[in-house]
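Content type compact mmCIF, C-alpha atoms and all ligand atoms, from the file input-v6.txt:
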# COMPACT_ATOMS: atom_id res chain seq x y z
CA MET A 1 68.57 -29.40 17.12
CA PRO A 2 65.45 -29.54 19.33
CA SER A 3 62.88 -26.81 18.82
CA ALA A 4 63.36 -23.85 21.07
CA PRO A 5 60.10 -22.37 22.42
CA ASP A 6 60.55 -19.37 20.17
CA ASP A 7 61.24 -21.43 17.04
CA LEU A 8 57.77 -20.79 15.72
CA ILE A 9 58.27 -20.33 12.02
CA PRO A 10 56.44 -23.09 10.16
CA LYS A 11 58.45 -24.89 7.54
CA SER A 12 56.23 -24.19 4.59
CA PRO A 13 56.85 -26.39 1.57
CA ARG A 14 56.15 -23.33 -0.56
CA ASP A 15 59.20 -21.64 0.85
CA PRO A 16 62.41 -23.44 -0.04
CA SER A 17 64.53 -20.97 1.87
CA ASP A 18 62.98 -21.91 5.24
CA LEU A 19 62.95 -18.31 6.20
CA GLU A 20 63.12 -17.60 9.90
CA VAL A 21 62.98 -14.34 11.79
CA SER A 22 65.92 -13.21 13.92
CA ASP A 23 65.49 -12.70 17.61
CA SER A 24 67.95 -9.91 17.98
CA GLY A 25 66.71 -6.42 18.76
CA GLU A 26 63.35 -4.69 18.76
CA CYS A 27 61.38 -4.95 15.54
CA GLU A 28 58.23 -3.16 14.53
CA ILE A 29 56.58 -6.02 12.65
CA PRO A 30 55.53 -8.88 14.97
CA ARG A 31 56.78 -12.41 14.23
CA GLU A 32 53.26 -13.82 14.02
CA GLU A 33 52.52 -11.47 11.16
CA VAL A 34 55.62 -12.62 9.25
CA GLU A 35 54.71 -16.26 9.77
CA LYS A 36 51.31 -15.62 8.27
CA TRP A 37 52.88 -13.95 5.20
CA LEU A 38 55.32 -16.83 4.79
CA VAL A 39 52.55 -19.41 4.76
CA GLU A 40 50.56 -17.29 2.31
CA GLY A 41 53.29 -16.85 -0.25
CA GLY A 42 56.86 -17.34 0.93
CA THR A 43 59.64 -14.75 0.72
CA LYS A 44 57.99 -12.74 -2.07
CA ARG A 45 54.90 -12.26 0.04
CA VAL A 46 57.06 -11.23 3.02
CA CYS A 47 58.91 -8.61 0.96
CA GLY A 48 55.65 -7.24 -0.46
CA GLN A 49 54.00 -7.03 2.93
CA ILE A 50 57.02 -5.28 4.46
CA LEU A 51 56.71 -2.60 1.78
CA LEU A 52 52.94 -2.23 2.23
CA HIS A 53 53.44 -2.02 5.98
CA ALA A 54 55.96 0.80 5.55
CA ALA A 55 53.68 2.59 3.07
CA SER A 56 50.70 2.35 5.43
CA ARG A 57 52.83 3.94 8.17
CA GLY A 58 53.63 6.86 5.88
CA MET A 59 57.30 5.95 5.58
CA SER A 60 59.34 7.16 2.63
CA GLY A 61 61.29 3.96 2.02
CA VAL A 62 62.67 0.62 3.11
CA ARG A 63 66.26 -0.57 3.05
CA MET A 64 67.48 -4.13 3.25
CA SER A 65 71.06 -4.35 4.45
CA PRO A 66 73.26 -6.39 6.79
CA VAL A 67 73.43 -5.44 10.47
CA GLY A 68 75.85 -7.63 12.42
CA ARG A 69 74.85 -11.28 11.91
CA ASP A 70 71.46 -10.32 10.50
CA VAL A 71 69.96 -8.95 7.36
CA SER A 72 67.74 -6.16 8.50
CA PHE A 73 64.82 -4.25 7.03
CA GLU A 74 64.82 -0.65 8.04
CA GLY A 75 61.87 1.67 7.48
CA ARG A 76 62.74 5.27 6.79
CA SER A 77 60.78 8.38 7.58
CA GLU A 78 61.93 11.98 7.43
CA SER A 79 64.16 11.85 10.48
CA LYS A 80 63.58 8.45 11.98
CA HIS A 81 64.82 5.00 10.98
CA VAL A 82 62.96 2.02 12.44
CA ARG A 83 63.96 -1.61 12.30
CA LEU A 84 60.98 -3.40 10.79
CA LEU A 85 62.27 -6.95 10.75
CA SER A 86 65.45 -9.02 10.83
CA PHE A 87 66.46 -12.40 9.45
CA PRO A 88 69.65 -14.42 9.85
CA LEU A 89 72.23 -13.31 7.29
CA ARG A 90 71.97 -16.52 5.23
CA PHE A 91 68.53 -15.39 4.01
CA ARG A 92 69.96 -12.29 2.42
CA GLN A 93 70.21 -13.71 -1.10
CA PRO A 94 66.75 -15.35 -1.16
CA LEU A 95 65.22 -12.07 0.07
CA PHE A 96 67.15 -10.09 -2.55
CA ASP A 97 65.84 -12.47 -5.24
CA ALA A 98 62.31 -12.11 -3.87
CA PHE A 99 62.56 -8.32 -4.23
CA LEU A 100 63.79 -8.72 -7.81
CA GLU A 101 60.82 -10.95 -8.56
CA LEU A 102 58.45 -8.51 -6.90
CA ALA A 103 59.80 -5.68 -9.06
CA GLY A 104 59.41 -7.81 -12.19
CA VAL A 105 63.16 -8.26 -12.80
CA ALA A 106 64.33 -11.71 -13.91
CA VAL A 107 66.59 -13.24 -11.25
CA GLY A 108 70.12 -13.72 -12.55
CA SER A 109 69.79 -11.03 -15.21
CA GLU A 110 71.74 -7.80 -15.24
CA LEU A 111 70.62 -5.55 -12.38
CA PRO A 112 68.46 -2.67 -13.57
CA PRO A 113 69.41 0.87 -12.52
CA GLU A 114 66.05 1.73 -10.92
CA THR A 115 62.77 -0.06 -11.30
CA VAL A 116 59.31 1.31 -10.70
CA PHE A 117 56.67 -1.22 -9.73
CA HIS A 118 53.33 -1.35 -7.97
CA LEU A 119 51.78 -3.31 -5.14
CA GLU A 120 48.08 -3.57 -4.56
CA SER A 121 46.72 -3.58 -1.05
CA GLY A 122 43.19 -3.65 0.25
CA THR A 123 43.08 0.13 0.21
CA GLY A 124 44.69 0.91 -3.12
CA VAL A 125 47.88 0.78 -5.13
CA VAL A 126 51.32 1.79 -3.87
CA ALA A 127 53.98 2.84 -6.36
CA LEU A 128 57.57 1.98 -5.50
CA GLN A 129 60.98 2.52 -6.95
CA ALA A 130 63.63 -0.10 -6.20
CA SER A 131 67.40 0.19 -6.46
CA PHE A 132 69.31 -3.09 -6.41
CA LEU A 133 72.94 -2.94 -5.39
CA ARG A 134 75.64 -5.56 -5.21
CA GLY A 135 77.87 -3.97 -2.64
CA LEU A 136 81.25 -5.23 -1.50
CA SER A 137 79.59 -6.99 1.40
CA GLY A 138 76.77 -8.47 -0.71
CA PRO A 139 73.41 -7.51 -2.17
CA GLU A 140 71.31 -4.66 -0.84
CA VAL A 141 67.94 -3.27 -1.77
CA ILE A 142 66.67 0.27 -1.32
CA VAL A 143 63.00 0.84 -2.06
CA LYS A 144 61.58 4.32 -2.24
CA ILE A 145 57.85 4.65 -1.61
CA LEU A 146 56.60 7.15 -4.18
CA PRO A 147 54.35 9.74 -2.56
CA ASP A 148 50.63 9.77 -3.19
CA LEU A 149 49.90 12.83 -5.32
CA ARG A 150 46.20 12.31 -5.75
CA GLU A 151 45.49 15.91 -4.81
CA GLY A 152 46.73 16.91 -8.23
CA ILE A 153 45.30 19.28 -10.76
CA SER A 154 41.53 18.96 -10.98
CA LEU A 155 39.28 19.19 -13.98
CA ASP A 156 38.20 22.76 -13.28
CA SER A 157 41.77 24.06 -13.27
CA VAL A 158 42.77 22.46 -16.56
CA GLY A 159 41.02 24.97 -18.82
CA PHE A 160 37.44 23.75 -19.12
CA SER A 161 34.79 26.47 -19.20
CA SER A 162 31.99 25.97 -16.69
CA GLY A 163 29.62 24.56 -19.31
CA GLN A 164 32.29 22.16 -20.58
CA LEU A 165 33.09 21.14 -17.02
CA ASP A 166 29.47 20.35 -16.18
CA VAL A 167 28.87 18.18 -19.21
CA THR A 168 32.24 16.37 -18.88
CA GLU A 169 31.65 15.56 -15.20
CA LYS A 170 28.15 14.36 -15.96
CA LEU A 171 29.43 11.99 -18.65
CA LEU A 172 32.32 10.75 -16.50
CA ARG A 173 29.83 9.83 -13.79
CA LYS A 174 28.36 7.22 -16.14
CA GLY A 175 31.55 5.27 -15.38
CA ASN A 176 32.00 3.77 -18.82
CA GLY A 177 32.35 4.68 -22.49
CA LEU A 178 35.19 6.22 -24.48
CA PHE A 179 36.52 9.75 -24.01
CA LEU A 180 38.89 10.99 -26.68
CA VAL A 181 41.33 13.86 -26.11
CA SER A 182 42.93 15.24 -29.26
CA SER A 183 45.72 17.78 -29.36
CA PRO A 184 48.26 19.02 -31.92
CA GLY A 185 51.24 18.12 -29.72
CA PRO A 186 52.17 16.11 -26.65
CA GLU A 187 52.10 18.99 -24.17
CA GLY A 188 49.29 19.17 -21.70
CA VAL A 189 47.49 15.99 -22.78
CA ALA A 190 48.52 13.95 -19.73
CA THR A 191 47.36 16.75 -17.43
CA THR A 192 43.88 16.78 -18.97
CA LEU A 193 43.61 12.99 -19.06
CA PHE A 194 44.76 12.68 -15.44
CA ALA A 195 42.24 15.32 -14.37
CA MET A 196 39.49 13.36 -16.12
CA LEU A 197 40.74 10.14 -14.56
CA ARG A 198 40.66 11.67 -11.07
CA ASP A 199 37.13 12.82 -11.70
CA GLY A 200 35.97 9.42 -12.94
CA TYR A 201 37.85 7.42 -10.31
CA ARG A 202 36.11 5.86 -7.32
CA PRO A 203 37.86 3.99 -4.49
CA GLY A 204 38.02 0.28 -5.18
CA LEU A 205 38.19 0.70 -8.96
CA ARG A 206 41.20 -0.67 -10.77
CA ALA A 207 42.69 2.12 -12.84
CA ILE A 208 45.52 1.50 -15.29
CA THR A 209 47.41 4.27 -17.03
CA VAL A 210 49.63 3.84 -20.08
CA GLU A 211 52.01 6.78 -20.21
CA GLU A 212 54.61 8.14 -22.58
CA ARG A 213 57.15 8.61 -19.82
CA HIS A 214 56.81 7.69 -16.22
CA ARG A 215 56.27 10.81 -14.21
CA PHE A 216 56.89 9.02 -10.93
CA ARG A 217 53.64 10.22 -9.55
CA ASN A 218 51.58 7.84 -7.56
CA GLU A 219 47.88 8.41 -7.55
CA GLY A 220 46.85 4.94 -6.56
CA TYR A 221 46.79 3.80 -10.18
CA ILE A 222 48.80 1.09 -11.91
CA GLN A 223 51.08 3.05 -14.22
CA LEU A 224 52.66 1.48 -17.30
CA ASP A 225 55.13 2.79 -19.81
CA ARG A 226 53.58 2.65 -23.30
CA ARG A 227 56.50 1.00 -25.00
CA GLN A 228 56.75 -1.67 -22.30
CA ALA A 229 53.01 -2.23 -22.45
CA GLU A 230 53.13 -2.58 -26.25
CA ASP A 231 55.96 -5.12 -25.97
CA ARG A 232 54.16 -7.08 -23.32
CA PHE A 233 50.79 -7.17 -25.07
CA SER A 234 52.01 -6.91 -28.68
CA GLY A 235 50.24 -3.56 -29.02
CA ASP A 236 46.90 -5.30 -28.51
CA TRP A 237 44.77 -3.34 -26.06
CA SER A 238 42.21 -6.08 -25.64
CA ARG A 239 44.99 -8.43 -24.52
CA LEU A 240 46.11 -5.85 -22.00
CA ALA A 241 42.54 -5.56 -20.76
CA GLU A 242 42.11 -9.32 -20.54
CA SER A 243 45.29 -9.63 -18.54
CA LEU A 244 44.98 -6.60 -16.24
CA GLU A 245 41.18 -6.23 -16.07
CA PRO A 246 41.01 -2.45 -15.67
CA ASP A 247 37.81 -0.70 -14.64
CA ILE A 248 39.39 2.44 -16.04
CA LEU A 249 42.04 2.48 -18.76
CA MET A 250 43.85 5.71 -19.59
CA ILE A 251 46.17 5.84 -22.60
CA GLU A 252 48.12 9.07 -22.91
CA HIS A 253 48.96 8.70 -26.59
CA LEU A 254 47.50 6.29 -29.12
CA PRO A 255 49.93 6.35 -32.07
CA ASP A 256 47.56 4.46 -34.39
CA PRO A 257 44.06 5.98 -34.39
CA ALA A 258 42.69 2.80 -36.02
CA ALA A 259 43.17 1.21 -32.60
CA ILE A 260 40.31 3.40 -31.33
CA VAL A 261 38.09 0.61 -32.67
CA ASP A 262 39.59 -1.84 -30.12
CA LEU A 263 39.08 0.74 -27.39
CA LEU A 264 35.44 1.20 -28.42
CA HIS A 265 34.89 -2.51 -27.94
CA LEU A 266 36.57 -2.39 -24.52
CA ALA A 267 34.39 0.53 -23.56
CA GLN A 268 31.33 -1.26 -24.87
CA ALA A 269 32.15 -4.11 -22.48
CA GLY A 270 32.00 -1.68 -19.55
CA THR A 271 35.47 -0.16 -19.13
CA LEU A 272 35.85 3.59 -18.82
CA VAL A 273 38.47 4.43 -21.46
CA LEU A 274 40.29 7.78 -21.65
CA CYS A 275 42.57 8.15 -24.62
CA GLY A 276 44.81 10.76 -26.24
CA ILE A 277 45.42 11.16 -29.98
CA ARG A 278 47.40 13.76 -31.97
CA ARG A 279 45.32 15.76 -34.39
CA PHE A 280 45.95 19.23 -35.75
CA ASN A 281 42.51 20.61 -34.89
CA PHE A 282 39.02 19.65 -33.80
CA ASP A 283 37.83 19.15 -37.36
CA ARG A 284 40.58 16.56 -38.01
CA ALA A 285 39.83 14.77 -34.75
CA LEU A 286 36.15 14.46 -35.69
CA ARG A 287 37.03 13.24 -39.19
CA THR A 288 39.30 10.56 -37.71
CA LEU A 289 36.49 9.40 -35.46
CA LEU A 290 33.76 9.43 -38.12
CA THR A 291 35.84 7.48 -40.65
CA LEU A 292 36.78 4.63 -38.31
CA ASP A 293 36.12 1.13 -39.58
CA VAL A 294 33.40 0.46 -37.05
CA ASP A 295 29.62 0.14 -36.88
CA PRO A 296 28.38 3.78 -36.65
CA PHE A 297 25.83 2.60 -34.12
CA ILE A 298 28.58 1.39 -31.75
CA LEU A 299 30.51 4.61 -32.33
CA ALA A 300 27.42 6.69 -31.54
CA TYR A 301 26.46 4.89 -28.36
CA VAL A 302 29.86 3.99 -26.85
CA MET A 303 31.61 7.34 -27.37
CA ARG A 304 30.92 9.75 -24.54
CA LEU A 305 32.88 12.78 -25.58
CA VAL A 306 35.45 14.02 -28.08
CA LEU A 307 37.59 16.94 -27.13
CA HIS A 308 40.35 18.94 -28.76
CA GLN A 309 42.71 21.12 -26.80
CA ARG A 310 45.56 23.46 -27.57
CA LEU A 311 47.80 25.32 -25.20
CA VAL A 312 48.00 29.11 -25.18
CA LYS A 313 50.66 31.10 -23.40
CA LEU A 314 49.55 33.18 -20.42
CA LEU A 315 51.03 36.65 -20.13
CA CYS A 316 53.05 37.47 -17.01
CA MET A 317 50.72 39.89 -15.20
CA GLU A 318 53.69 41.65 -13.55
CA CYS A 319 55.30 42.90 -16.71
CA ARG A 320 52.77 42.68 -19.57
CA ARG A 321 52.67 45.99 -21.41
CA PRO A 322 49.52 47.56 -22.82
CA VAL A 323 49.28 48.20 -26.52
CA PRO A 324 47.16 51.15 -27.57
CA ALA A 325 46.33 49.68 -30.99
CA ARG A 326 43.05 47.79 -31.34
CA PRO A 327 43.32 44.39 -33.04
CA SER A 328 41.82 44.04 -36.49
CA LEU A 329 38.73 41.84 -36.71
CA ARG A 330 39.09 41.32 -40.42
CA MET A 331 39.68 37.54 -40.17
CA VAL A 332 37.02 36.89 -37.52
CA GLY A 333 34.20 34.47 -38.35
CA GLU A 334 30.61 35.80 -38.37
CA ARG A 335 29.49 33.83 -35.33
CA TYR A 336 32.15 35.48 -33.11
CA ARG A 337 32.07 39.00 -34.54
CA GLY A 338 29.48 40.63 -32.26
CA GLU A 339 31.09 39.46 -29.03
CA LEU A 340 34.61 40.35 -30.21
CA GLU A 341 33.53 43.87 -31.21
CA ARG A 342 32.28 44.37 -27.65
CA ILE A 343 35.58 43.06 -26.22
CA VAL A 344 37.63 45.30 -28.50
CA ALA A 345 35.56 48.30 -27.41
CA ASP A 346 35.88 47.59 -23.66
CA ALA A 347 39.09 45.70 -22.91
CA SER A 348 42.77 46.60 -22.92
CA PHE A 349 45.21 44.56 -24.98
CA TYR A 350 48.71 43.54 -23.94
CA LEU A 351 52.01 42.19 -25.22
CA PRO A 352 54.70 40.23 -23.34
CA SER A 353 57.65 42.06 -21.86
CA GLY A 354 59.93 40.30 -19.35
CA CYS A 355 60.78 40.65 -15.66
CA PRO A 356 62.60 38.68 -12.93
CA LYS A 357 59.36 36.99 -11.88
CA CYS A 358 58.82 35.35 -15.26
CA GLY A 359 62.52 34.78 -15.90
CA GLY A 360 62.50 37.37 -18.66
CA THR A 361 60.11 35.34 -20.84
CA GLY A 362 57.07 37.62 -20.55
CA TYR A 363 54.85 34.61 -19.89
CA SER A 364 53.76 32.97 -16.63
CA GLY A 365 52.76 29.60 -18.04
CA ARG A 366 50.38 27.93 -20.43
CA MET A 367 46.78 26.91 -20.32
CA ALA A 368 44.75 24.41 -22.31
CA LEU A 369 41.85 25.76 -24.32
CA ILE A 370 39.25 23.18 -25.04
CA GLU A 371 36.58 22.50 -27.63
CA LEU A 372 34.36 19.49 -27.17
CA ILE A 373 31.29 17.64 -28.35
CA PRO A 374 29.45 15.45 -25.84
CA PHE A 375 27.63 12.46 -27.26
CA THR A 376 24.14 13.61 -26.34
CA PRO A 377 21.09 11.92 -27.95
CA GLY A 378 21.12 14.56 -30.73
CA VAL A 379 24.81 13.88 -31.47
CA GLN A 380 24.24 10.11 -31.32
CA ASN A 381 21.49 10.42 -33.93
CA ILE A 382 23.76 12.34 -36.28
CA VAL A 383 26.69 9.93 -35.84
CA ALA A 384 24.51 6.85 -36.39
CA SER A 385 22.73 8.43 -39.36
CA GLU A 386 23.22 7.62 -43.03
CA GLY A 387 24.59 11.05 -43.97
CA THR A 388 27.90 11.74 -45.69
CA LEU A 389 30.96 12.68 -43.66
CA GLU A 390 30.63 16.37 -44.58
CA GLU A 391 26.92 16.41 -43.69
CA LYS A 392 27.61 14.79 -40.34
CA LEU A 393 30.43 17.19 -39.57
CA SER A 394 28.44 20.33 -40.23
CA ARG A 395 25.39 19.01 -38.36
CA LEU A 396 27.62 18.09 -35.37
CA MET A 397 29.06 21.59 -35.18
CA GLU A 398 25.55 23.01 -35.10
CA GLU A 399 24.16 20.41 -32.72
CA ASP A 400 26.23 20.45 -29.58
CA LEU A 401 29.62 22.10 -29.90
CA TYR A 402 31.10 23.47 -26.69
CA SER A 403 33.56 25.84 -28.29
CA ALA A 404 36.55 27.46 -26.62
CA ALA A 405 35.25 30.89 -27.60
CA GLN A 406 33.75 31.62 -24.19
CA SER A 407 37.02 30.89 -22.33
CA VAL A 408 39.10 32.74 -24.89
CA GLN A 409 36.87 35.80 -24.73
CA GLU A 410 37.11 35.79 -20.95
CA MET A 411 40.92 35.60 -21.09
CA LEU A 412 41.03 38.43 -23.61
CA ARG A 413 38.79 40.60 -21.41
CA ARG A 414 41.16 40.03 -18.51
CA GLY A 415 44.27 40.67 -20.58
CA MET A 416 45.71 37.22 -19.91
CA VAL A 417 46.68 36.41 -23.51
CA THR A 418 47.78 38.28 -26.60
CA TYR A 419 45.18 38.70 -29.30
CA GLU A 420 47.49 37.07 -31.88
CA ASP A 421 47.78 33.88 -29.80
CA VAL A 422 44.04 33.28 -29.65
CA ALA A 423 42.96 34.67 -33.02
CA PRO A 424 42.77 31.13 -34.58
CA PHE A 425 39.85 30.32 -32.27
CA PHE A 426 37.69 32.99 -33.92
CA ARG A 427 38.10 31.97 -37.54
ZN ZN A 501 57.20 39.09 -16.10
Please go through the file and, once you have read it, give me the structure as structure tokens.
Amino acid sequence: MPSAPDDLIPKSPRDPSDLEVSDSGECEIPREEVEKWLVEGGTKRVCGQILLHAASRGMSGVRMSPVGRDVSFEGRSESKHVRLLSFPLRFRQPLFDAFLELAGVAVGSELPPETVFHLESGTGVVALQASFLRGLSGPEVIVKILPDLREGISLDSVGFSSGQLDVTEKLLRKGNGLFLVSSPGPEGVATTLFAMLRDGYRPGLRAITVEERHRFRNEGYIQLDRRQAEDRFSGDWSRLAESLEPDILMIEHLPDPAAIVDLLHLAQAGTLVLCGIRRFNFDRALRTLLTLDVDPFILAYVMRLVLHQRLVKLLCMECRRPVPARPSLRMVGERYRGELERIVADASFYLPSGCPKCGGTGYSGRMALIELIPFTPGVQNIVASEGTLEEKLSRLMEEDLYSAAQSVQEMLRRGMVTYEDVAPFFR
């Protein structure tokens, strides 16, 4: 058949499907653009660029389905559906396979229920969730563009006191080093780590997060599931770093604290590493760190900050009920006694009750209380010194501990927590 004037699609040897664009109907993406994509990388490139196009237009998703004699890509916004592009129906299967490849699913394998994947564009990372269907009429793809939630919780709303906030932000601005977040349980750790990540992130940096469960939030980061990442890189974080080259690596939960040594080496090479571990209290977290099988000099100069947090329940302010009895300060440590005596003399104390607003629980939510030690020159000297573990620990607590006492005292003064809930902070 002789070439028609509009038969402009080059027959790229890289594209065995000889993809050509349909002429029928109005389409949003110009043919010339599609030709360029095809030359650059065949059908996979076309599918990726269609998705990035839709994301850049603020659309919520893209659907590939048959329309008449064509397979059509439709972009979806709240109320409007736009035809982005059409191809003759015979290209349906190659395009379907290209989407599978894009989403990291092996062609020919069982279709996954829903698959989250990421695409990088010049301006950032787009998170997508694909559903692959084999309908009666043939294969279809529905891709949801996960919304950008970068305006999430910030560092100052997580539970840092103002002093803790200042020193943490200052250290994050260095753009490298290791930040360790310890907590007794899984709750609240991701929130703190994400807030730190947002603070340390700058446009153009490649940020990779390794999470316990995918929260389907898209903040312009490449998000991995920990178990998948461990399978893929055999639990070796330096292999992950070699392969994905992160500027920032955030790991929500590191099951084996010995692996902190690998992370220290990554951080030493220039990556900003934010990492969560489970430890019962701050003392245990520090012991874990100080007994690592690593050169104390590297530990001292690559660590930026170690932090322990625990969540306390916040009283529902609508229904909390005052208790006339003053709490006993019998168990309070000497260093907190003076301040607590003043609080007990001035403030009112409350207990939870229950109302419709708090669903009868008596509490309105939880908040992280944080203790931290920044690796200032004084702290670095102690860590790199020859002292015993116990000597180092007690000197560290004297040197530069940002305790939670200030925040806890403030919450007590304002009647936001019960005394019993926060008493452990004053021992
Ligand atoms: Zn209530």
- Message: If we count only C-alpha atoms and set the cut-off at 10 Å, which residues sit around segment 341-350 of chain A, ignoring sequence neighbours fewer than 2 positions away in its own chain? Please answer as a list of chain:residue names.
- Response: A:Leu315, A:Met317, A:Cys319, A:Arg320, A:Arg321, A:Pro322, A:Val323, A:Pro324, A:Ala325, A:Arg326, A:Pro327, A:Ser328, A:Leu329, A:Tyr336, A:Arg337, A:Gly338, A:Glu339, A:Pro352, A:Ser353, A:Gln409, A:Glu410, A:Leu412, A:Arg413, A:Arg414, A:Gly415, A:Met416, A:Val417, A:Thr418, A:Tyr419
- Message: Could you list the protein, DNA and RNA residues that have any atom within 6 Å of ligand ZN 501 (chain A), counting all atoms listed in the file, and write them as a ChimeraX atom specification?
- Response: /A:316,318-319,354-355,357-358,362
- Message: When you look at Met59 of chain A with a cut-off of 7 Å (counting only C-alpha atoms), what residues show up, excluding the ones that are within fewer than 6 positions of it in the same chain? I need them as number ranges by chain.
- Response: A: 75-77
- Item | Length of the atom CA of Phe426 of chain A to atom CA of Leu178 of chain A vector [Å] | 28.5 Å
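Separating atom CA of Asp293 of chain A from atom CA of Val261 of chain A is a distance of 7.2 Å.
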- What separates atom CA of Leu171 of chain A and atom CA of Leu299 of chain A is a distance of 15.6 Å
- Note on the structure: Residue with the minimum atom-to-atom distance to Met331 of chain A, picked from A:Phe233, A:Phe132, A:Phe425, A:Phe280 with only C-alpha atoms counted, is A:Phe425
- Message: Set the distance at 9 Å and use only C-alpha atoms: which residues neighbour segment 40-57 of chain A once local chain neighbours fewer than 2 positions away are removed? I'd like the list as number ranges by chain.
- Response: A: 12, 14-19, 29, 34-38, 59-62, 73, 75-76, 84-85, 94-95, 97-99, 101-102, 119-121, 126, 128, 143, 145
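Around His253 of chain A, within 9 Å and counting all atoms listed in the file, the residues found are A:Pro186, A:Val189, A:Ala190, A:Val210, A:Glu211, A:Glu212, A:Arg226, A:Cys275, A:Gly276, A:Ile277, A:Arg278, once anything fewer than 4 positions away on its own chain is removed.
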- Give as a ChimeraX atom specification the set of residues within 9 Å of the point (61.7, 6.4, -20.1), where distances use the file's coordinates and only C-alpha atoms. /A:212-214,225,227
Let me have the centre and edge lengths of the axis-aligned box enclosing all listed atoms of segment 380-394 of chain A with 3 Å padding on every side, in Å to one decimal, as JSON.
{"center_x": 26.2, "center_y": 13.6, "center_z": -38.5, "size_x": 15.5, "size_y": 19.5, "size_z": 20.4}
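Using all atoms listed in the file, the smallest distance between any of A:Glu20, A:Glu230, A:Glu371, A:Glu242 and Pro255 of chain A comes from A:Glu230.
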- Query: What lies within 8 Å of Val379 of chain A using all atoms listed in the file, ignoring chain neighbours under 3 positions off, as a list in words?
  - Reply: Ala300, Pro374, Phe375, Thr376, Ile382, Val383, Leu396, Glu399 and Asp400 of chain A
- Task: Could you give me, as a VMD selection string, the residues that have an atom at most 10 Å away from the point (35.5, 4.8, -22.4) in the coordinates of the file, using only C-alpha atoms?
- Result: chain A and resid 172 174 to 180 247 to 250 263 to 275 302 to 305
Do you have, as JSON lines, the list of residues of segment 309-427 of chain A lying at most 12 Å from segment 192-196 of chain A, each with its nearest atom pair and that distance in Å to one decimal, counting only C-alpha atoms and ordered by chain then number?
{"residue": "A:Gln309", "atom": "CA", "partner": "A:Thr192", "partner_atom": "CA", "distance": 9.0}
{"residue": "A:Arg310", "atom": "CA", "partner": "A:Thr192", "partner_atom": "CA", "distance": 11.0}
{"residue": "A:Leu311", "atom": "CA", "partner": "A:Thr192", "partner_atom": "CA", "distance": 11.3}
{"residue": "A:Met367", "atom": "CA", "partner": "A:Thr192", "partner_atom": "CA", "distance": 10.6}
{"residue": "A:Ala368", "atom": "CA", "partner": "A:Thr192", "partner_atom": "CA", "distance": 8.4}
{"residue": "A:Leu369", "atom": "CA", "partner": "A:Thr192", "partner_atom": "CA", "distance": 10.6}
{"residue": "A:Ile370", "atom": "CA", "partner": "A:Thr192", "partner_atom": "CA", "distance": 10.0}
From the block you just saw, export segment 299-310 of chain A: N, CA and C atoms, as a compact mmCIF listing (two decimals), in the first residue's frame.
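Output (out.txt):
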# COMPACT_ATOMS: atom_id res chain seq x y z
N LEU A 299 31.10 5.92 63.51
CA LEU A 299 29.83 6.11 64.21
C LEU A 299 29.69 7.57 64.66
N ALA A 300 30.74 8.10 65.27
CA ALA A 300 30.69 9.45 65.83
C ALA A 300 30.46 10.51 64.75
N TYR A 301 31.10 10.33 63.60
CA TYR A 301 31.08 11.42 62.62
C TYR A 301 30.07 11.23 61.49
N VAL A 302 29.44 10.04 61.38
CA VAL A 302 28.44 9.84 60.34
C VAL A 302 27.01 9.93 60.91
N MET A 303 26.86 9.56 62.19
CA MET A 303 25.55 9.72 62.83
C MET A 303 25.25 11.21 62.95
N ARG A 304 24.01 11.58 62.72
CA ARG A 304 23.62 12.98 62.92
C ARG A 304 22.76 13.13 64.17
N LEU A 305 21.94 12.10 64.41
CA LEU A 305 20.96 12.25 65.48
C LEU A 305 20.37 10.89 65.83
N VAL A 306 20.16 10.65 67.11
CA VAL A 306 19.40 9.47 67.52
C VAL A 306 18.23 9.95 68.38
N LEU A 307 17.10 9.37 68.09
CA LEU A 307 15.86 9.88 68.67
C LEU A 307 15.01 8.69 69.13
N HIS A 308 14.36 8.86 70.27
CA HIS A 308 13.40 7.84 70.68
C HIS A 308 12.05 8.52 70.88
N GLN A 309 11.01 7.87 70.42
CA GLN A 309 9.69 8.47 70.60
C GLN A 309 8.70 7.45 71.14
N ARG A 310 7.77 7.93 71.93
CA ARG A 310 6.63 7.07 72.30
C ARG A 310 5.37 7.90 72.21
